[in-house]
Amino acid sequence: MQNKFLIEAFQTPEQVSHTLLPYFATLSKDPYVDSDVRFRSYACFAIDPEGELSRLPHQAFMQSSDVNRVVGDIERHFAPMDDDMVSLPEFTHLIRSFASATGIDSQGGQIDVHQIRVTCSAEDTSAPAPEGIHQDGFRFVGIFCVQRQNIAGGFTQIFTSPVEQHPHLNTVLEPNQFVIIDDQRYYHHISETLSSESGKEGVRDVFVFTA
């Protein structure tokens, strides 16, 4: 009997978020969803059954409107990820951790990575997941937290259906925490964020992995 993967959560070494954090300061605005508070880059990688990892040519990203009710069926062109950041061992550690936890390292396949910053103020909330409770249309989804600064809210929530009232999991991802879910079994959402200090910007930085 083979166990079925549902949810995996773990902590990475402290230097991972510390090393990757500076690369969020130069992210381009996301032109597709409220670009005043959302910044983003994107890259695709391939891993073969022998564990060889390589970056694929930059390409557009698109999801079906069946899974993304906000920008589904739209070819989205995000800025490419910083070459220097991608070459860092800390970034490679994240990809390989995701591949290992999901079994992709032994099977081979493509891994997409989104680098996302969402900002907010004490007066106006921001929606890290404007799609609401959703699936991404992949086999697995991973969320790695790099930074939470002056943030209230932003709970990572996992549901068993898109209309469920109470999440199966409702937690705050802190820096260096990584959660990976079975995207075909569960739905996920990130609750709205608000700055926890008046006059100071709230910032939430994450990487999202899909395969």
# chains A, B, ... in the order shown; residues from 1 in each chain; ligands from 1
call {"tool": "residues_around", "arguments": {"residues": "Gln15 (chain A)", "least_positions_apart": "4", "cutoff": "12 Å", "atoms": "only C-alpha atoms", "output": "PyMOL selection string"}}
result
chain A and resi 11+19-21+88-91+93-94+146+175-176
call {"tool": "write_last_selection", "arguments": {"atoms": "all heavy atoms", "output": "CSV table (one decimal), in the first residue's frame"}}
result
chain,number,residue,atom,x,y,z
A,11,GLN,N,10.8,23.4,8.1
A,11,GLN,CA,11.6,24.6,8.3
A,11,GLN,C,12.9,24.5,7.6
A,11,GLN,O,13.6,23.5,7.6
A,11,GLN,CB,11.8,24.8,9.8
A,11,GLN,CG,12.5,26.1,10.2
A,11,GLN,CD,11.6,27.2,10.6
A,11,GLN,OE1,10.4,26.9,10.9
A,11,GLN,NE2,12.0,28.4,10.7
A,19,THR,N,19.4,35.4,2.9
A,19,THR,CA,20.2,35.6,1.7
A,19,THR,C,19.3,36.0,0.6
A,19,THR,O,19.7,36.8,-0.3
A,19,THR,CB,20.9,34.2,1.4
A,19,THR,OG1,21.8,33.9,2.4
A,19,THR,CG2,21.7,34.4,0.1
A,20,LEU,N,18.1,35.5,0.5
A,20,LEU,CA,17.2,35.7,-0.7
A,20,LEU,C,16.4,37.0,-0.5
A,20,LEU,O,15.9,37.6,-1.5
A,20,LEU,CB,16.2,34.6,-0.9
A,20,LEU,CG,16.9,33.2,-1.2
A,20,LEU,CD1,15.9,32.1,-1.2
A,20,LEU,CD2,17.7,33.3,-2.5
A,21,LEU,N,16.2,37.5,0.7
A,21,LEU,CA,15.4,38.7,0.9
A,21,LEU,C,15.8,39.9,0.1
A,21,LEU,O,14.9,40.6,-0.5
A,21,LEU,CB,15.4,39.1,2.4
A,21,LEU,CG,14.7,40.3,2.8
A,21,LEU,CD1,13.2,40.2,2.5
A,21,LEU,CD2,14.8,40.6,4.3
A,88,LEU,N,22.2,31.1,-6.6
A,88,LEU,CA,22.5,31.0,-5.2
A,88,LEU,C,22.2,29.6,-4.7
A,88,LEU,O,21.2,29.0,-5.0
A,88,LEU,CB,21.8,32.0,-4.4
A,88,LEU,CG,22.2,33.5,-4.6
A,88,LEU,CD1,21.3,34.4,-3.8
A,88,LEU,CD2,23.6,33.7,-4.1
A,89,PRO,N,23.1,29.0,-3.9
A,89,PRO,CA,22.8,27.7,-3.3
A,89,PRO,C,21.5,27.7,-2.5
A,89,PRO,O,20.8,26.7,-2.4
A,89,PRO,CB,24.0,27.3,-2.5
A,89,PRO,CG,24.7,28.6,-2.3
A,89,PRO,CD,24.4,29.5,-3.5
A,90,GLU,N,21.2,28.8,-1.8
A,90,GLU,CA,20.0,28.9,-1.0
A,90,GLU,C,18.7,28.7,-1.9
A,90,GLU,O,17.7,28.1,-1.4
A,90,GLU,CB,19.9,30.2,-0.2
A,90,GLU,CG,20.9,30.3,0.9
A,90,GLU,CD,22.3,30.7,0.4
A,90,GLU,OE1,22.5,31.0,-0.8
A,90,GLU,OE2,23.2,30.8,1.3
A,91,PHE,N,18.7,29.3,-3.1
A,91,PHE,CA,17.6,29.2,-4.0
A,91,PHE,C,17.5,27.7,-4.5
A,91,PHE,O,16.4,27.2,-4.5
A,91,PHE,CB,17.7,30.2,-5.1
A,91,PHE,CG,16.5,30.2,-6.0
A,91,PHE,CD1,15.3,30.8,-5.7
A,91,PHE,CD2,16.6,29.5,-7.3
A,91,PHE,CE1,14.2,30.7,-6.5
A,91,PHE,CE2,15.5,29.4,-8.1
A,91,PHE,CZ,14.3,30.1,-7.7
A,93,HIS,N,18.5,25.2,-3.0
A,93,HIS,CA,18.0,24.4,-1.9
A,93,HIS,C,16.5,24.3,-1.8
A,93,HIS,O,15.9,23.3,-1.6
A,93,HIS,CB,18.6,25.0,-0.6
A,93,HIS,CG,18.1,24.3,0.7
A,93,HIS,ND1,18.5,23.1,1.1
A,93,HIS,CD2,17.1,24.7,1.6
A,93,HIS,CE1,17.8,22.7,2.2
A,93,HIS,NE2,17.0,23.7,2.5
A,94,LEU,N,15.9,25.5,-2.1
A,94,LEU,CA,14.4,25.5,-2.1
A,94,LEU,C,13.8,24.6,-3.2
A,94,LEU,O,12.9,23.9,-2.9
A,94,LEU,CB,13.9,26.9,-2.2
A,94,LEU,CG,14.2,27.9,-1.1
A,94,LEU,CD1,13.6,29.3,-1.4
A,94,LEU,CD2,13.6,27.3,0.2
A,146,VAL,N,9.6,34.2,2.9
A,146,VAL,CA,10.9,34.9,3.1
A,146,VAL,C,10.8,36.0,4.1
A,146,VAL,O,11.7,36.2,4.9
A,146,VAL,CB,11.3,35.4,1.7
A,146,VAL,CG1,12.6,36.2,1.9
A,146,VAL,CG2,11.5,34.3,0.7
A,175,PRO,N,9.1,33.4,8.3
A,175,PRO,CA,10.3,33.3,7.5
A,175,PRO,C,10.9,31.9,7.7
A,175,PRO,O,11.1,31.4,8.8
A,175,PRO,CB,11.2,34.4,7.9
A,175,PRO,CG,10.3,35.5,8.4
A,175,PRO,CD,9.1,34.7,9.0
A,176,ASN,N,11.3,31.3,6.5
A,176,ASN,CA,12.0,30.0,6.4
A,176,ASN,C,11.0,28.8,6.6
A,176,ASN,O,11.5,27.7,6.7
A,176,ASN,CB,13.2,29.9,7.4
A,176,ASN,CG,14.3,30.8,7.0
A,176,ASN,OD1,14.8,30.7,5.9
A,176,ASN,ND2,14.7,31.7,7.9
call {"tool": "residues_around", "arguments": {"residues": "Ala122 (chain A)", "least_positions_apart": "2", "cutoff": "7 Å", "atoms": "only C-alpha atoms", "output": "mmCIF file with C-alpha atoms, in the first residue's frame"}}
result
data_model
loop_
_atom_site.group_PDB
_atom_site.id
_atom_site.type_symbol
_atom_site.label_atom_id
_atom_site.label_comp_id
_atom_site.auth_asym_id
_atom_site.auth_seq_id
_atom_site.Cartn_x
_atom_site.Cartn_y
_atom_site.Cartn_z
ATOM 1 C CA CYS A 120 -0.200 47.018 2.470
ATOM 2 C CA ASP A 124 -5.922 49.688 3.123
ATOM 3 C CA LEU A 194 -3.029 44.953 6.858
ATOM 4 C CA SER A 195 -0.065 46.870 8.227
ATOM 5 C CA SER A 196 0.259 46.294 11.950
ATOM 6 C CA GLU A 197 1.778 49.746 12.526
ATOM 7 C CA SER A 198 0.210 53.028 11.439
ATOM 8 C CA GLY A 199 2.426 54.934 9.030
#
call {"tool": "residues_around", "arguments": {"residues": "Ile158 (chain A)", "least_positions_apart": "5", "cutoff": "7 Å", "atoms": "only C-alpha atoms", "output": "JSON, numbers by chain"}}
result
{"A": [167, 168, 169, 170, 186, 187, 188, 189]}
call {"tool": "atom_distance", "arguments": {"atom1": "CA of Gln135 (chain A)", "atom2": "CA of Asp82 (chain A)"}}
result
27.0 Å
call {"tool": "atom_distance", "arguments": {"atom1": "CA of Phe98 (chain A)", "atom2": "CA of Ala211 (chain A)"}}
result
9.3 Å
call {"tool": "atom_distance", "arguments": {"atom1": "CA of Met85 (chain A)", "atom2": "CA of Phe24 (chain A)"}}
result
10.1 Å
call {"tool": "residues_around", "arguments": {"residues": "Ile190 (chain A)", "least_positions_apart": "6", "cutoff": "10 Å", "atoms": "only C-alpha atoms", "output": "mmCIF file with all heavy atoms, in the first residue's frame"}}
result
data_model
loop_
_atom_site.group_PDB
_atom_site.id
_atom_site.type_symbol
_atom_site.label_atom_id
_atom_site.label_comp_id
_atom_site.auth_asym_id
_atom_site.auth_seq_id
_atom_site.Cartn_x
_atom_site.Cartn_y
_atom_site.Cartn_z
ATOM 1 N N ALA A 127 -4.768 41.943 -0.920
ATOM 2 C CA ALA A 127 -5.214 40.564 -1.079
ATOM 3 C C ALA A 127 -4.099 39.745 -1.721
ATOM 4 O O ALA A 127 -3.910 39.808 -2.939
ATOM 5 C CB ALA A 127 -6.473 40.502 -1.936
ATOM 6 N N PRO A 128 -3.341 38.986 -0.932
ATOM 7 C CA PRO A 128 -2.295 38.152 -1.518
ATOM 8 C C PRO A 128 -2.836 37.108 -2.492
ATOM 9 O O PRO A 128 -2.123 36.665 -3.390
ATOM 10 C CB PRO A 128 -1.655 37.479 -0.296
ATOM 11 C CG PRO A 128 -1.972 38.395 0.847
ATOM 12 C CD PRO A 128 -3.334 38.937 0.532
ATOM 13 N N ALA A 129 -4.104 36.701 -2.309
ATOM 14 C CA ALA A 129 -4.723 35.708 -3.198
ATOM 15 C C ALA A 129 -6.058 36.254 -3.692
ATOM 16 O O ALA A 129 -7.118 35.905 -3.170
ATOM 17 C CB ALA A 129 -4.910 34.374 -2.486
ATOM 18 N N PRO A 130 -6.034 37.135 -4.696
ATOM 19 C CA PRO A 130 -7.287 37.753 -5.162
ATOM 20 C C PRO A 130 -8.262 36.751 -5.770
ATOM 21 O O PRO A 130 -9.441 37.077 -5.942
ATOM 22 C CB PRO A 130 -6.806 38.762 -6.211
ATOM 23 C CG PRO A 130 -5.450 38.303 -6.616
ATOM 24 C CD PRO A 130 -4.860 37.648 -5.409
ATOM 25 N N GLU A 131 -7.800 35.518 -6.068
ATOM 26 C CA GLU A 131 -8.690 34.499 -6.632
ATOM 27 C C GLU A 131 -9.655 33.946 -5.598
ATOM 28 O O GLU A 131 -10.610 33.254 -5.933
ATOM 29 C CB GLU A 131 -7.887 33.331 -7.209
ATOM 30 C CG GLU A 131 -6.737 33.730 -8.114
ATOM 31 C CD GLU A 131 -5.419 33.783 -7.356
ATOM 32 O OE1 GLU A 131 -5.413 34.326 -6.223
ATOM 33 O OE2 GLU A 131 -4.407 33.292 -7.884
ATOM 34 N N GLY A 132 -9.401 34.221 -4.306
ATOM 35 C CA GLY A 132 -10.201 33.613 -3.256
ATOM 36 C C GLY A 132 -9.717 32.192 -2.980
ATOM 37 O O GLY A 132 -8.568 31.849 -3.246
ATOM 38 N N ILE A 133 -10.594 31.351 -2.437
ATOM 39 C CA ILE A 133 -10.252 29.952 -2.185
ATOM 40 C C ILE A 133 -10.126 29.256 -3.541
ATOM 41 O O ILE A 133 -11.071 29.251 -4.329
ATOM 42 C CB ILE A 133 -11.323 29.272 -1.318
ATOM 43 C CG1 ILE A 133 -11.460 29.994 0.028
ATOM 44 C CG2 ILE A 133 -10.987 27.808 -1.088
ATOM 45 C CD1 ILE A 133 -12.621 29.497 0.879
ATOM 46 N N HIS A 134 -8.961 28.667 -3.806
ATOM 47 C CA HIS A 134 -8.714 28.191 -5.164
ATOM 48 C C HIS A 134 -7.692 27.052 -5.205
ATOM 49 O O HIS A 134 -6.991 26.792 -4.237
ATOM 50 C CB HIS A 134 -8.204 29.341 -6.035
ATOM 51 C CG HIS A 134 -6.836 29.832 -5.632
ATOM 52 N ND1 HIS A 134 -6.620 30.605 -4.506
ATOM 53 C CD2 HIS A 134 -5.610 29.643 -6.195
ATOM 54 C CE1 HIS A 134 -5.336 30.881 -4.405
ATOM 55 N NE2 HIS A 134 -4.692 30.300 -5.409
ATOM 56 N N GLY A 153 -2.657 39.600 9.661
ATOM 57 C CA GLY A 153 -3.369 38.802 8.668
ATOM 58 C C GLY A 153 -2.393 38.005 7.831
ATOM 59 O O GLY A 153 -1.300 37.662 8.260
ATOM 60 N N GLY A 154 -2.794 37.724 6.594
ATOM 61 C CA GLY A 154 -1.950 36.917 5.720
ATOM 62 C C GLY A 154 -1.850 35.476 6.184
ATOM 63 O O GLY A 154 -0.787 34.866 6.122
ATOM 64 N N PHE A 155 -2.967 34.913 6.642
ATOM 65 C CA PHE A 155 -2.985 33.523 7.096
ATOM 66 C C PHE A 155 -3.003 32.580 5.893
ATOM 67 O O PHE A 155 -3.770 32.788 4.948
ATOM 68 C CB PHE A 155 -4.214 33.250 7.962
ATOM 69 C CG PHE A 155 -4.130 33.850 9.336
ATOM 70 C CD1 PHE A 155 -4.538 35.159 9.577
ATOM 71 C CD2 PHE A 155 -3.631 33.107 10.394
ATOM 72 C CE1 PHE A 155 -4.459 35.712 10.843
ATOM 73 C CE2 PHE A 155 -3.549 33.655 11.672
ATOM 74 C CZ PHE A 155 -3.956 34.964 11.895
ATOM 75 N N THR A 156 -2.172 31.565 5.940
ATOM 76 C CA THR A 156 -2.211 30.509 4.939
ATOM 77 C C THR A 156 -3.308 29.536 5.337
ATOM 78 O O THR A 156 -3.258 28.935 6.410
ATOM 79 C CB THR A 156 -0.856 29.786 4.862
ATOM 80 O OG1 THR A 156 0.156 30.720 4.467
ATOM 81 C CG2 THR A 156 -0.903 28.651 3.847
ATOM 82 N N GLN A 157 -4.307 29.397 4.466
ATOM 83 C CA GLN A 157 -5.481 28.593 4.786
ATOM 84 C C GLN A 157 -5.646 27.489 3.748
ATOM 85 O O GLN A 157 -5.531 27.734 2.545
ATOM 86 C CB GLN A 157 -6.731 29.477 4.810
ATOM 87 C CG GLN A 157 -6.642 30.617 5.822
ATOM 88 C CD GLN A 157 -7.810 31.588 5.719
ATOM 89 O OE1 GLN A 157 -8.316 31.851 4.628
ATOM 90 N NE2 GLN A 157 -8.238 32.111 6.852
ATOM 91 N N ILE A 158 -5.921 26.281 4.209
ATOM 92 C CA ILE A 158 -6.118 25.136 3.338
ATOM 93 C C ILE A 158 -7.505 24.560 3.583
ATOM 94 O O ILE A 158 -7.896 24.320 4.728
ATOM 95 C CB ILE A 158 -5.026 24.080 3.566
ATOM 96 C CG1 ILE A 158 -3.653 24.678 3.215
ATOM 97 C CG2 ILE A 158 -5.286 22.831 2.729
ATOM 98 C CD1 ILE A 158 -2.491 23.763 3.515
ATOM 99 N N ASN A 170 -5.130 26.662 9.213
ATOM 100 C CA ASN A 170 -5.165 28.129 9.251
ATOM 101 C C ASN A 170 -3.964 28.593 10.067
ATOM 102 O O ASN A 170 -3.987 28.548 11.289
ATOM 103 C CB ASN A 170 -6.471 28.612 9.888
ATOM 104 C CG ASN A 170 -6.615 30.124 9.830
ATOM 105 O OD1 ASN A 170 -6.242 30.754 8.846
ATOM 106 N ND2 ASN A 170 -7.168 30.720 10.883
ATOM 107 N N THR A 171 -2.902 28.995 9.372
ATOM 108 C CA THR A 171 -1.656 29.284 10.078
ATOM 109 C C THR A 171 -0.930 30.444 9.426
ATOM 110 O O THR A 171 -1.181 30.784 8.260
ATOM 111 C CB THR A 171 -0.750 28.035 10.090
ATOM 112 O OG1 THR A 171 0.370 28.274 10.944
ATOM 113 C CG2 THR A 171 -0.243 27.706 8.699
ATOM 114 N N VAL A 172 -0.041 31.050 10.171
ATOM 115 C CA VAL A 172 0.834 32.105 9.650
ATOM 116 C C VAL A 172 2.173 31.475 9.303
ATOM 117 O O VAL A 172 2.821 30.871 10.164
ATOM 118 C CB VAL A 172 1.031 33.242 10.683
ATOM 119 C CG1 VAL A 172 2.130 34.193 10.223
ATOM 120 C CG2 VAL A 172 -0.279 34.004 10.877
#
call {"tool": "closest_residue", "arguments": {"among": "A:Thr125, A:Gln107, A:Thr12, A:Ser191", "to": "Asp48 (chain A)", "atoms": "only C-alpha atoms"}}
result
A:Gln107
call {"tool": "closest_residue", "arguments": {"among": "A:Gln110, A:Ser17, A:Thr160, A:Gln147", "to": "Ser54 (chain A)", "atoms": "only C-alpha atoms"}}
result
A:Gln110
call {"tool": "residues_around", "arguments": {"residues": "Ala60 (chain A)", "least_positions_apart": "2", "cutoff": "8 Å", "atoms": "only C-alpha atoms", "output": "list in words"}}
result
His58, Met62, Glu75, Arg76, His77 and Phe78 of chain A
call {"tool": "write_last_selection", "arguments": {"atoms": "all heavy atoms", "output": "PDB file, in the first residue's frame"}}
result
ATOM      1  N   HIS A  58      12.819  31.635 -20.692  1.00  0.00           N
ATOM      2  CA  HIS A  58      11.704  32.392 -20.109  1.00  0.00           C
ATOM      3  C   HIS A  58      10.478  32.296 -21.000  1.00  0.00           C
ATOM      4  O   HIS A  58      10.583  32.324 -22.234  1.00  0.00           O
ATOM      5  CB  HIS A  58      12.105  33.855 -19.923  1.00  0.00           C
ATOM      6  CG  HIS A  58      11.165  34.608 -19.032  1.00  0.00           C
ATOM      7  ND1 HIS A  58      10.964  34.271 -17.705  1.00  0.00           N
ATOM      8  CD2 HIS A  58      10.364  35.680 -19.272  1.00  0.00           C
ATOM      9  CE1 HIS A  58      10.091  35.102 -17.168  1.00  0.00           C
ATOM     10  NE2 HIS A  58       9.714  35.957 -18.099  1.00  0.00           N
ATOM     11  N   MET A  62       0.263  30.964 -17.964  1.00  0.00           N
ATOM     12  CA  MET A  62      -1.183  31.045 -18.154  1.00  0.00           C
ATOM     13  C   MET A  62      -1.876  29.950 -17.358  1.00  0.00           C
ATOM     14  O   MET A  62      -1.395  28.816 -17.281  1.00  0.00           O
ATOM     15  CB  MET A  62      -1.551  30.933 -19.634  1.00  0.00           C
ATOM     16  CG  MET A  62      -3.028  31.200 -19.901  1.00  0.00           C
ATOM     17  SD  MET A  62      -3.429  31.482 -21.651  1.00  0.00           S
ATOM     18  CE  MET A  62      -3.215  29.828 -22.292  1.00  0.00           C
ATOM     19  N   GLU A  75      -2.654  35.179 -21.140  1.00  0.00           N
ATOM     20  CA  GLU A  75      -1.217  34.929 -21.199  1.00  0.00           C
ATOM     21  C   GLU A  75      -0.504  36.042 -20.443  1.00  0.00           C
ATOM     22  O   GLU A  75      -0.505  37.196 -20.874  1.00  0.00           O
ATOM     23  CB  GLU A  75      -0.758  34.874 -22.657  1.00  0.00           C
ATOM     24  CG  GLU A  75       0.613  34.283 -22.843  1.00  0.00           C
ATOM     25  CD  GLU A  75       0.959  34.076 -24.303  1.00  0.00           C
ATOM     26  OE1 GLU A  75       1.343  35.073 -24.961  1.00  0.00           O
ATOM     27  OE2 GLU A  75       0.837  32.934 -24.793  1.00  0.00           O
ATOM     28  N   ARG A  76       0.099  35.698 -19.317  1.00  0.00           N
ATOM     29  CA  ARG A  76       0.736  36.714 -18.480  1.00  0.00           C
ATOM     30  C   ARG A  76       2.260  36.685 -18.653  1.00  0.00           C
ATOM     31  O   ARG A  76       2.878  35.628 -18.594  1.00  0.00           O
ATOM     32  CB  ARG A  76       0.364  36.498 -17.009  1.00  0.00           C
ATOM     33  CG  ARG A  76      -1.069  36.882 -16.697  1.00  0.00           C
ATOM     34  CD  ARG A  76      -1.396  36.685 -15.230  1.00  0.00           C
ATOM     35  NE  ARG A  76      -1.662  35.290 -14.899  1.00  0.00           N
ATOM     36  CZ  ARG A  76      -1.775  34.835 -13.658  1.00  0.00           C
ATOM     37  NH1 ARG A  76      -1.602  35.659 -12.634  1.00  0.00           N
ATOM     38  NH2 ARG A  76      -2.035  33.559 -13.433  1.00  0.00           N
ATOM     39  N   HIS A  77       2.811  37.852 -18.864  1.00  0.00           N
ATOM     40  CA  HIS A  77       4.251  37.982 -19.082  1.00  0.00           C
ATOM     41  C   HIS A  77       4.863  38.691 -17.875  1.00  0.00           C
ATOM     42  O   HIS A  77       4.777  39.915 -17.746  1.00  0.00           O
ATOM     43  CB  HIS A  77       4.516  38.759 -20.369  1.00  0.00           C
ATOM     44  CG  HIS A  77       4.025  38.061 -21.602  1.00  0.00           C
ATOM     45  ND1 HIS A  77       4.827  37.225 -22.351  1.00  0.00           N
ATOM     46  CD2 HIS A  77       2.796  38.057 -22.194  1.00  0.00           C
ATOM     47  CE1 HIS A  77       4.123  36.741 -23.359  1.00  0.00           C
ATOM     48  NE2 HIS A  77       2.896  37.224 -23.293  1.00  0.00           N
ATOM     49  N   PHE A  78       5.467  37.908 -16.992  1.00  0.00           N
ATOM     50  CA  PHE A  78       6.112  38.454 -15.808  1.00  0.00           C
ATOM     51  C   PHE A  78       7.599  38.659 -16.072  1.00  0.00           C
ATOM     52  O   PHE A  78       8.195  38.019 -16.945  1.00  0.00           O
ATOM     53  CB  PHE A  78       5.940  37.507 -14.615  1.00  0.00           C
ATOM     54  CG  PHE A  78       4.507  37.271 -14.213  1.00  0.00           C
ATOM     55  CD1 PHE A  78       3.959  35.993 -14.241  1.00  0.00           C
ATOM     56  CD2 PHE A  78       3.700  38.324 -13.823  1.00  0.00           C
ATOM     57  CE1 PHE A  78       2.643  35.780 -13.875  1.00  0.00           C
ATOM     58  CE2 PHE A  78       2.380  38.118 -13.443  1.00  0.00           C
ATOM     59  CZ  PHE A  78       1.853  36.842 -13.476  1.00  0.00           C
TER      60      PHE A  78
END
call {"tool": "select_by_dssp", "arguments": {"residues": "region 24-165 of chain A", "states": "strand (DSSP E or B)", "output": "PyMOL selection string"}}
result
chain A and resi 28-29+38-47+53-55+61+76+79-80+109-120+126+134+140-149+151-153+156-159
call {"tool": "write_last_selection", "arguments": {"atoms": "N, CA and C atoms", "output": "compact mmCIF listing (two decimals), in the first residue's frame"}}
result
# COMPACT_ATOMS: atom_id res chain seq x y z
N SER A 28 9.66 43.80 -10.18
CA SER A 28 8.79 44.63 -11.03
C SER A 28 7.34 44.51 -10.57
N LYS A 29 6.56 45.56 -10.85
CA LYS A 29 5.14 45.51 -10.51
C LYS A 29 4.43 44.44 -11.33
N ARG A 38 1.47 44.85 -5.55
CA ARG A 38 1.88 43.49 -5.88
C ARG A 38 3.05 43.53 -6.86
N PHE A 39 4.12 42.79 -6.53
CA PHE A 39 5.34 42.78 -7.33
C PHE A 39 5.73 41.32 -7.57
N ARG A 40 6.34 41.05 -8.76
CA ARG A 40 6.45 39.64 -9.11
C ARG A 40 7.54 39.37 -10.15
N SER A 41 8.16 38.20 -10.04
CA SER A 41 9.00 37.66 -11.11
C SER A 41 8.71 36.18 -11.24
N TYR A 42 9.24 35.57 -12.30
CA TYR A 42 8.84 34.20 -12.65
C TYR A 42 9.98 33.48 -13.35
N ALA A 43 10.09 32.17 -13.11
CA ALA A 43 11.09 31.36 -13.80
C ALA A 43 10.61 29.91 -13.84
N CYS A 44 11.08 29.17 -14.84
CA CYS A 44 10.75 27.76 -14.98
C CYS A 44 12.03 26.93 -14.95
N PHE A 45 11.94 25.76 -14.35
CA PHE A 45 13.09 24.88 -14.22
C PHE A 45 12.69 23.46 -14.60
N ALA A 46 13.67 22.70 -15.05
CA ALA A 46 13.46 21.29 -15.34
C ALA A 46 14.39 20.48 -14.46
N ILE A 47 13.88 19.36 -13.98
CA ILE A 47 14.71 18.43 -13.23
C ILE A 47 14.50 17.04 -13.84
N LEU A 53 19.36 19.66 -12.47
CA LEU A 53 18.46 20.82 -12.47
C LEU A 53 18.94 21.85 -13.48
N SER A 54 18.01 22.38 -14.29
CA SER A 54 18.37 23.40 -15.28
C SER A 54 17.25 24.41 -15.42
N ARG A 55 17.63 25.64 -15.74
CA ARG A 55 16.63 26.69 -15.95
C ARG A 55 16.17 26.65 -17.40
N PHE A 61 3.17 32.80 -18.65
CA PHE A 61 2.48 31.93 -17.70
C PHE A 61 0.98 32.09 -17.91
N ARG A 76 0.10 35.70 -19.32
CA ARG A 76 0.74 36.71 -18.48
C ARG A 76 2.26 36.69 -18.65
N ALA A 79 8.20 39.55 -15.30
CA ALA A 79 9.64 39.77 -15.40
C ALA A 79 10.38 38.49 -15.04
N PRO A 80 11.49 38.20 -15.71
CA PRO A 80 12.27 37.01 -15.36
C PRO A 80 12.97 37.16 -14.02
N GLY A 109 10.58 16.36 -14.21
CA GLY A 109 9.45 17.21 -14.57
C GLY A 109 9.81 18.67 -14.53
N GLN A 110 8.80 19.52 -14.71
CA GLN A 110 9.00 20.97 -14.72
C GLN A 110 8.50 21.57 -13.41
N ILE A 111 9.26 22.53 -12.90
CA ILE A 111 8.88 23.26 -11.69
C ILE A 111 8.83 24.74 -12.04
N ASP A 112 7.70 25.38 -11.81
CA ASP A 112 7.56 26.82 -12.00
C ASP A 112 7.71 27.50 -10.65
N VAL A 113 8.37 28.65 -10.64
CA VAL A 113 8.59 29.39 -9.39
C VAL A 113 8.16 30.84 -9.59
N HIS A 114 7.34 31.33 -8.67
CA HIS A 114 6.89 32.72 -8.67
C HIS A 114 7.46 33.41 -7.43
N GLN A 115 8.08 34.53 -7.64
CA GLN A 115 8.63 35.35 -6.54
C GLN A 115 7.68 36.54 -6.37
N ILE A 116 7.04 36.65 -5.20
CA ILE A 116 5.94 37.62 -5.04
C ILE A 116 6.12 38.45 -3.77
N ARG A 117 5.99 39.75 -3.94
CA ARG A 117 5.91 40.68 -2.80
C ARG A 117 4.54 41.35 -2.82
N VAL A 118 3.86 41.35 -1.67
CA VAL A 118 2.59 42.07 -1.51
C VAL A 118 2.75 43.06 -0.36
N THR A 119 2.41 44.31 -0.62
CA THR A 119 2.52 45.36 0.40
C THR A 119 1.13 45.84 0.82
N CYS A 120 1.06 46.49 1.98
CA CYS A 120 -0.20 47.02 2.47
C CYS A 120 0.08 48.16 3.43
N SER A 126 -4.53 44.49 1.57
CA SER A 126 -4.10 43.91 0.31
C SER A 126 -4.52 42.45 0.28
N HIS A 134 -8.96 28.67 -3.81
CA HIS A 134 -8.71 28.19 -5.16
C HIS A 134 -7.69 27.05 -5.21
N PHE A 140 1.11 19.77 -7.46
CA PHE A 140 1.57 20.23 -6.16
C PHE A 140 1.76 21.75 -6.17
N VAL A 141 1.55 22.36 -5.01
CA VAL A 141 1.82 23.79 -4.81
C VAL A 141 2.60 23.94 -3.51
N GLY A 142 3.68 24.72 -3.56
CA GLY A 142 4.46 24.99 -2.36
C GLY A 142 4.56 26.48 -2.11
N ILE A 143 4.50 26.89 -0.86
CA ILE A 143 4.64 28.30 -0.48
C ILE A 143 5.77 28.40 0.54
N PHE A 144 6.76 29.21 0.23
CA PHE A 144 7.89 29.43 1.13
C PHE A 144 7.91 30.90 1.54
N CYS A 145 7.91 31.16 2.85
CA CYS A 145 7.90 32.53 3.35
C CYS A 145 9.33 33.05 3.52
N VAL A 146 9.58 34.21 2.94
CA VAL A 146 10.87 34.87 3.08
C VAL A 146 10.79 35.98 4.12
N GLN A 147 9.69 36.72 4.13
CA GLN A 147 9.57 37.83 5.07
C GLN A 147 8.11 38.14 5.39
N ARG A 148 7.85 38.47 6.65
CA ARG A 148 6.63 39.11 7.11
C ARG A 148 7.08 40.31 7.93
N GLN A 149 6.80 41.51 7.44
CA GLN A 149 7.25 42.72 8.12
C GLN A 149 6.06 43.65 8.34
N ILE A 151 3.09 43.06 9.47
CA ILE A 151 1.92 42.45 8.83
C ILE A 151 0.95 41.89 9.88
N ALA A 152 -0.32 42.24 9.70
CA ALA A 152 -1.40 41.55 10.41
C ALA A 152 -2.22 40.81 9.35
N GLY A 153 -2.66 39.60 9.66
CA GLY A 153 -3.37 38.80 8.67
C GLY A 153 -2.39 38.00 7.83
N THR A 156 -2.17 31.56 5.94
CA THR A 156 -2.21 30.51 4.94
C THR A 156 -3.31 29.54 5.34
N GLN A 157 -4.31 29.40 4.47
CA GLN A 157 -5.48 28.59 4.79
C GLN A 157 -5.65 27.49 3.75
N ILE A 158 -5.92 26.28 4.21
CA ILE A 158 -6.12 25.14 3.34
C ILE A 158 -7.51 24.56 3.58
N PHE A 159 -8.25 24.35 2.49
CA PHE A 159 -9.63 23.90 2.56
C PHE A 159 -9.80 22.60 1.78
call {"tool": "residues_around", "arguments": {"residues": "Ile180 (chain A)", "least_positions_apart": "2", "cutoff": "10 Å", "atoms": "only C-alpha atoms", "output": "MDAnalysis selection string"}}
result
chainID A and resid 5:10 98 101:102 140:144 178 182:183 208:210
call {"tool": "select_by_dssp", "arguments": {"residues": "chain A", "states": "helix (DSSP H, G or I)", "output": "JSON, numbers by chain"}}
result
{"A": [14, 15, 16, 17, 18, 19, 20, 21, 22, 23, 24, 83, 84, 85, 86, 89, 90, 91, 92, 93, 94, 95, 96, 97, 98, 99, 100, 101, 102, 104, 105, 106, 107]}
